[in-house]
Amino acid sequence: MTTSAWFDCSSGAAGDMILGALLDAGASVAAVQQAVDAVVPGSVTIRTETVKRCGLSATKVHVDTDPSPPHRTWHSIRALLTEAALPEPVRERAQSVFSRLAHAEAAAHGTAVDDVHFHEVGALDAIGDVVGACMAHHELGVSTASSTPLALGSGRANSAHGGIPVPTPAVLRLLAAHGAPARSGEFPFEMCTPTGAALILSMCSSWGGMPPLRILGNGMGAGTRDLPEIPNVVRVVLGHPAAGEFGTAESGADEADTPPATDAVVVDANIDDLDPRIWPHVLARLMAVGASDAWLTPILMKKGRPAQTLSVLCPPHLLPAVRETIVTETSTIGTREYHVGKRELAREFTTVMVGTAAVQVKIARYRQRIVTAQPEYRDVVAAAEQLGIPVKTALARSIAAAERMSPQ
Ligand SMILES: O=C([S-])c1cc(C(=O)S)c[n+]([C@@H]2O[C@H](COP(=O)(O)O)[C@@H](O)[C@H]2O)c1
Ligand code: NI
């Protein structure tokens, strides 16, 4: 059954607070440490401490790092994540968080995305927070999430460049890319960091108060300060969606079983003069900059010319990078762009064994029924190699094992 999370970010959000909330809700430090070690072996230690915030018990995360880590660009962090032995959904979410941060920082400072240096806004500390939170979210089996509007704070924050205004430019860029709701909040300091905003945006597809849930658990992740007025925590509540049971406005079966549509953009271009051998490279580049999908449709253009329509689906914050890739890598001199609502079934991941090889399977449900179970192709190929069997046999065995594990 689908597990949903609701984040209470009314006291703001930071990477360590989100990780603390997910650990407090039941994710294991050992799994988080293993995921972080897969990306930067031996460089980061995750510790937790039980503290009080406004008299309430909460989990404070400490990310102990190598004292003089190398400065890392988005380009180098993307490579580390690509190579790391991580569950696929953890890799994808961590890449999406760093991609959002890189685009926001690049836009705020007018620099190239690939060259954004993760120093304060990254390095080992952020790898610990981001990879750790993505792993904890995965381990808890969360498939849909929502959040209160983010409280941002006001005043000034210190950065490597001196005092910067709060809400900080990177946080505003991150929120603007999604049209996400936010408010200033009660306090004259930075309540929401770029990493906190990027993590919440990557996990949450809707905003507001707690939705109808059959409650399974909750967690409180402590911020550094203990404020006398309100608990300085991110709270997470876990539960099974229960809209249908409570007969609320959201109780239509479709609404209860599919997360709300998220804003996405489709970019199209009709192209009749690109050497066809270049197309696979163009599609690969578009996926590498973070497009959700990129495809070609054969068409007959004006003057009877055979051509291709290139179509790219991407989140709004990636539009500048997608546009740049299309105009530099293809021969088009223009694009058509339109906003669409992107709706996806909630996904769960499970691991099945094919002989001695582990294969991860993506499962989607509609109205509680499994409607698709797809083994990760990369794991299937690795299993075939490991067991010395054809890929088609490994694929058939993976699907059969998934169906045995998750009967309808
Ligand atoms: O150092 C830079 S460039 C920097 C830029 C910005 C912008 O908003 S632009 C913000 N910050 C501050 O760095 C710390 C760390 O943030 P994390 O997300 O890594 O926790 C935070 O105070 C930011 O406001 C730095
Ligand atoms: Ni910055």
# chains A, B, ... in the order shown; residues from 1 in each chain; ligands from 1
call {"tool": "select_by_dssp", "arguments": {"residues": "region 85-171 of chain A", "states": "strand (DSSP E)", "output": "count of residues only"}}
result
20
call {"tool": "residues_near_ligand", "arguments": {"ligand": "ligand 2", "cutoff": "8 Å", "atoms": "only C-alpha atoms and all ligand atoms", "output": "list in words"}}
result
Glu105, Ala106, Ala108, His109, Val121, Ser159, Pro169 and Ala170 of chain A
call {"tool": "write_last_selection", "arguments": {"atoms": "all heavy atoms", "output": "PDB file, in the first residue's frame"}}
result
ATOM      1  N   GLU A 105      22.004  28.164  -8.274  1.00  0.00           N
ATOM      2  CA  GLU A 105      23.252  28.892  -7.999  1.00  0.00           C
ATOM      3  C   GLU A 105      23.787  29.566  -9.264  1.00  0.00           C
ATOM      4  O   GLU A 105      24.238  30.714  -9.231  1.00  0.00           O
ATOM      5  CB  GLU A 105      24.318  27.920  -7.468  1.00  0.00           C
ATOM      6  CG  GLU A 105      24.226  27.639  -6.003  1.00  0.00           C
ATOM      7  CD  GLU A 105      24.655  28.830  -5.164  1.00  0.00           C
ATOM      8  OE1 GLU A 105      25.729  29.395  -5.420  1.00  0.00           O
ATOM      9  OE2 GLU A 105      23.889  29.210  -4.274  1.00  0.00           O
ATOM     10  N   ALA A 106      23.729  28.819 -10.388  1.00  0.00           N
ATOM     11  CA  ALA A 106      24.240  29.375 -11.650  1.00  0.00           C
ATOM     12  C   ALA A 106      23.433  30.607 -12.042  1.00  0.00           C
ATOM     13  O   ALA A 106      23.995  31.632 -12.452  1.00  0.00           O
ATOM     14  CB  ALA A 106      24.184  28.326 -12.754  1.00  0.00           C
ATOM     15  N   ALA A 108      21.710  32.543  -9.999  1.00  0.00           N
ATOM     16  CA  ALA A 108      21.924  33.626  -9.020  1.00  0.00           C
ATOM     17  C   ALA A 108      23.256  34.336  -9.255  1.00  0.00           C
ATOM     18  O   ALA A 108      23.372  35.542  -9.035  1.00  0.00           O
ATOM     19  CB  ALA A 108      21.859  33.067  -7.608  1.00  0.00           C
ATOM     20  N   HIS A 109      24.277  33.590  -9.696  1.00  0.00           N
ATOM     21  CA  HIS A 109      25.614  34.192  -9.841  1.00  0.00           C
ATOM     22  C   HIS A 109      25.997  34.450 -11.295  1.00  0.00           C
ATOM     23  O   HIS A 109      27.096  34.949 -11.559  1.00  0.00           O
ATOM     24  CB  HIS A 109      26.669  33.280  -9.203  1.00  0.00           C
ATOM     25  CG  HIS A 109      26.504  33.130  -7.721  1.00  0.00           C
ATOM     26  ND1 HIS A 109      26.887  34.101  -6.821  1.00  0.00           N
ATOM     27  CD2 HIS A 109      25.956  32.142  -6.981  1.00  0.00           C
ATOM     28  CE1 HIS A 109      26.595  33.702  -5.588  1.00  0.00           C
ATOM     29  NE2 HIS A 109      26.023  32.522  -5.668  1.00  0.00           N
ATOM     30  N   VAL A 121      27.476  25.671  -0.344  1.00  0.00           N
ATOM     31  CA  VAL A 121      26.203  25.090  -0.736  1.00  0.00           C
ATOM     32  C   VAL A 121      26.419  23.644  -1.156  1.00  0.00           C
ATOM     33  O   VAL A 121      25.728  23.136  -2.002  1.00  0.00           O
ATOM     34  CB  VAL A 121      25.593  25.889  -1.896  1.00  0.00           C
ATOM     35  CG1 VAL A 121      24.087  25.651  -1.961  1.00  0.00           C
ATOM     36  CG2 VAL A 121      25.894  27.347  -1.758  1.00  0.00           C
ATOM     37  N   SER A 159      27.788  34.328   3.919  1.00  0.00           N
ATOM     38  CA  SER A 159      28.254  33.382   2.908  1.00  0.00           C
ATOM     39  C   SER A 159      29.711  33.697   2.608  1.00  0.00           C
ATOM     40  O   SER A 159      30.259  34.670   3.129  1.00  0.00           O
ATOM     41  CB  SER A 159      27.434  33.511   1.621  1.00  0.00           C
ATOM     42  OG  SER A 159      27.951  34.545   0.819  1.00  0.00           O
ATOM     43  N   PRO A 169      19.111  34.351  -2.603  1.00  0.00           N
ATOM     44  CA  PRO A 169      18.815  34.258  -4.037  1.00  0.00           C
ATOM     45  C   PRO A 169      18.624  32.824  -4.531  1.00  0.00           C
ATOM     46  O   PRO A 169      17.721  32.554  -5.332  1.00  0.00           O
ATOM     47  CB  PRO A 169      20.049  34.892  -4.691  1.00  0.00           C
ATOM     48  CG  PRO A 169      20.629  35.771  -3.635  1.00  0.00           C
ATOM     49  CD  PRO A 169      20.306  35.140  -2.318  1.00  0.00           C
ATOM     50  N   ALA A 170      19.438  31.894  -4.035  1.00  0.00           N
ATOM     51  CA  ALA A 170      19.307  30.505  -4.516  1.00  0.00           C
ATOM     52  C   ALA A 170      17.965  29.914  -4.098  1.00  0.00           C
ATOM     53  O   ALA A 170      17.311  29.219  -4.888  1.00  0.00           O
ATOM     54  CB  ALA A 170      20.462  29.651  -3.990  1.00  0.00           C
TER      55      ALA A 170
END
call {"tool": "closest_residue", "arguments": {"among": "A:Ala396, A:Leu227, A:Ile18, A:Ile271", "to": "ligand 1", "atoms": "only C-alpha atoms and all ligand atoms"}}
result
A:Ile18
call {"tool": "residues_near_ligand", "arguments": {"ligand": "ligand 1", "cutoff": "7 Å", "atoms": "only C-alpha atoms and all ligand atoms", "output": "number ranges by chain"}}
result
A: 14-15, 105, 108-109, 119-122, 126, 157-161, 168-171, 190, 193-196
call {"tool": "closest_residue", "arguments": {"among": "A:Leu152, A:Leu345, A:Val237, A:Val131", "to": "Ala85 (chain A)", "atoms": "only C-alpha atoms"}}
result
A:Val131
call {"tool": "residues_around", "arguments": {"residues": "region 263-265 of chain A", "least_positions_apart": "3", "cutoff": "6 Å", "atoms": "only C-alpha atoms", "output": "JSON, numbers by chain"}}
result
{"A": [313, 314, 315, 316, 338, 339, 340, 341]}
call {"tool": "write_last_selection", "arguments": {"atoms": "all heavy atoms", "output": "tab-separated table (two decimals), in the first residue's frame"}}
result
chain	number	residue	atom	x	y	z
A	313	LEU	N	10.57	16.63	-22.68
A	313	LEU	CA	9.76	16.91	-21.49
A	313	LEU	C	10.72	17.21	-20.34
A	313	LEU	O	11.65	16.44	-20.10
A	313	LEU	CB	8.92	15.67	-21.15
A	313	LEU	CG	8.04	15.74	-19.90
A	313	LEU	CD1	6.87	16.70	-20.11
A	313	LEU	CD2	7.50	14.35	-19.56
A	314	CYS	N	10.50	18.33	-19.65
A	314	CYS	CA	11.43	18.65	-18.56
A	314	CYS	C	10.72	19.48	-17.49
A	314	CYS	O	9.70	20.11	-17.76
A	314	CYS	CB	12.65	19.42	-19.09
A	314	CYS	SG	12.28	21.05	-19.71
A	315	PRO	N	11.27	19.50	-16.26
A	315	PRO	CA	10.71	20.40	-15.25
A	315	PRO	C	11.03	21.85	-15.65
A	315	PRO	O	12.05	22.10	-16.32
A	315	PRO	CB	11.43	20.01	-13.96
A	315	PRO	CG	12.58	19.17	-14.36
A	315	PRO	CD	12.36	18.67	-15.75
A	316	PRO	N	10.20	22.82	-15.24
A	316	PRO	CA	10.39	24.21	-15.71
A	316	PRO	C	11.78	24.76	-15.41
A	316	PRO	O	12.32	25.51	-16.21
A	316	PRO	CB	9.32	24.99	-14.94
A	316	PRO	CG	8.27	23.98	-14.62
A	316	PRO	CD	8.97	22.67	-14.44
A	338	TYR	N	5.46	24.57	-24.43
A	338	TYR	CA	4.16	24.67	-23.78
A	338	TYR	C	4.17	23.94	-22.44
A	338	TYR	O	4.82	22.90	-22.28
A	338	TYR	CB	3.02	24.17	-24.67
A	338	TYR	CG	3.29	22.90	-25.44
A	338	TYR	CD1	2.85	21.68	-24.98
A	338	TYR	CD2	4.00	22.95	-26.65
A	338	TYR	CE1	3.09	20.52	-25.68
A	338	TYR	CE2	4.26	21.79	-27.36
A	338	TYR	CZ	3.81	20.58	-26.87
A	338	TYR	OH	4.08	19.44	-27.57
A	339	HIS	N	3.46	24.55	-21.48
A	339	HIS	CA	3.37	23.95	-20.14
A	339	HIS	C	2.34	22.83	-20.17
A	339	HIS	O	1.29	22.96	-20.80
A	339	HIS	CB	2.96	25.01	-19.12
A	339	HIS	CG	4.12	25.87	-18.72
A	339	HIS	ND1	4.81	25.68	-17.56
A	339	HIS	CD2	4.72	26.89	-19.37
A	339	HIS	CE1	5.79	26.54	-17.50
A	339	HIS	NE2	5.75	27.30	-18.59
A	340	VAL	N	2.65	21.76	-19.50
A	340	VAL	CA	1.72	20.64	-19.41
A	340	VAL	C	1.64	20.20	-17.94
A	340	VAL	O	2.54	20.49	-17.15
A	340	VAL	CB	2.19	19.42	-20.26
A	340	VAL	CG1	2.15	19.73	-21.73
A	340	VAL	CG2	3.57	18.95	-19.84
A	341	GLY	N	0.56	19.51	-17.58
A	341	GLY	CA	0.47	18.89	-16.27
A	341	GLY	C	1.01	17.48	-16.41
A	341	GLY	O	0.58	16.73	-17.29
call {"tool": "atom_distance", "arguments": {"atom1": "CA of Arg305 (chain A)", "atom2": "CA of Leu274 (chain A)"}}
result
12.6 Å
call {"tool": "select_by_dssp", "arguments": {"residues": "region 98-329 of chain A", "states": "helix (DSSP H, G or I)", "output": "ChimeraX atom specification"}}
result
/A:98-109,113-115,123-139,169-176,194-203,243-246,253-257,276-288,302-304,316-329
call {"tool": "residues_around", "arguments": {"residues": "Trp295 (chain A)", "least_positions_apart": "4", "cutoff": "9 Å", "atoms": "only C-alpha atoms", "output": "list in words"}}
result
Leu283, Thr309, Leu310, Ser311, Val312 and Leu313 of chain A
call {"tool": "closest_residue", "arguments": {"among": "A:Ala25, A:Met203, A:Ala269, A:Val61", "to": "Ser331 (chain A)", "atoms": "only C-alpha atoms"}}
result
A:Ala269
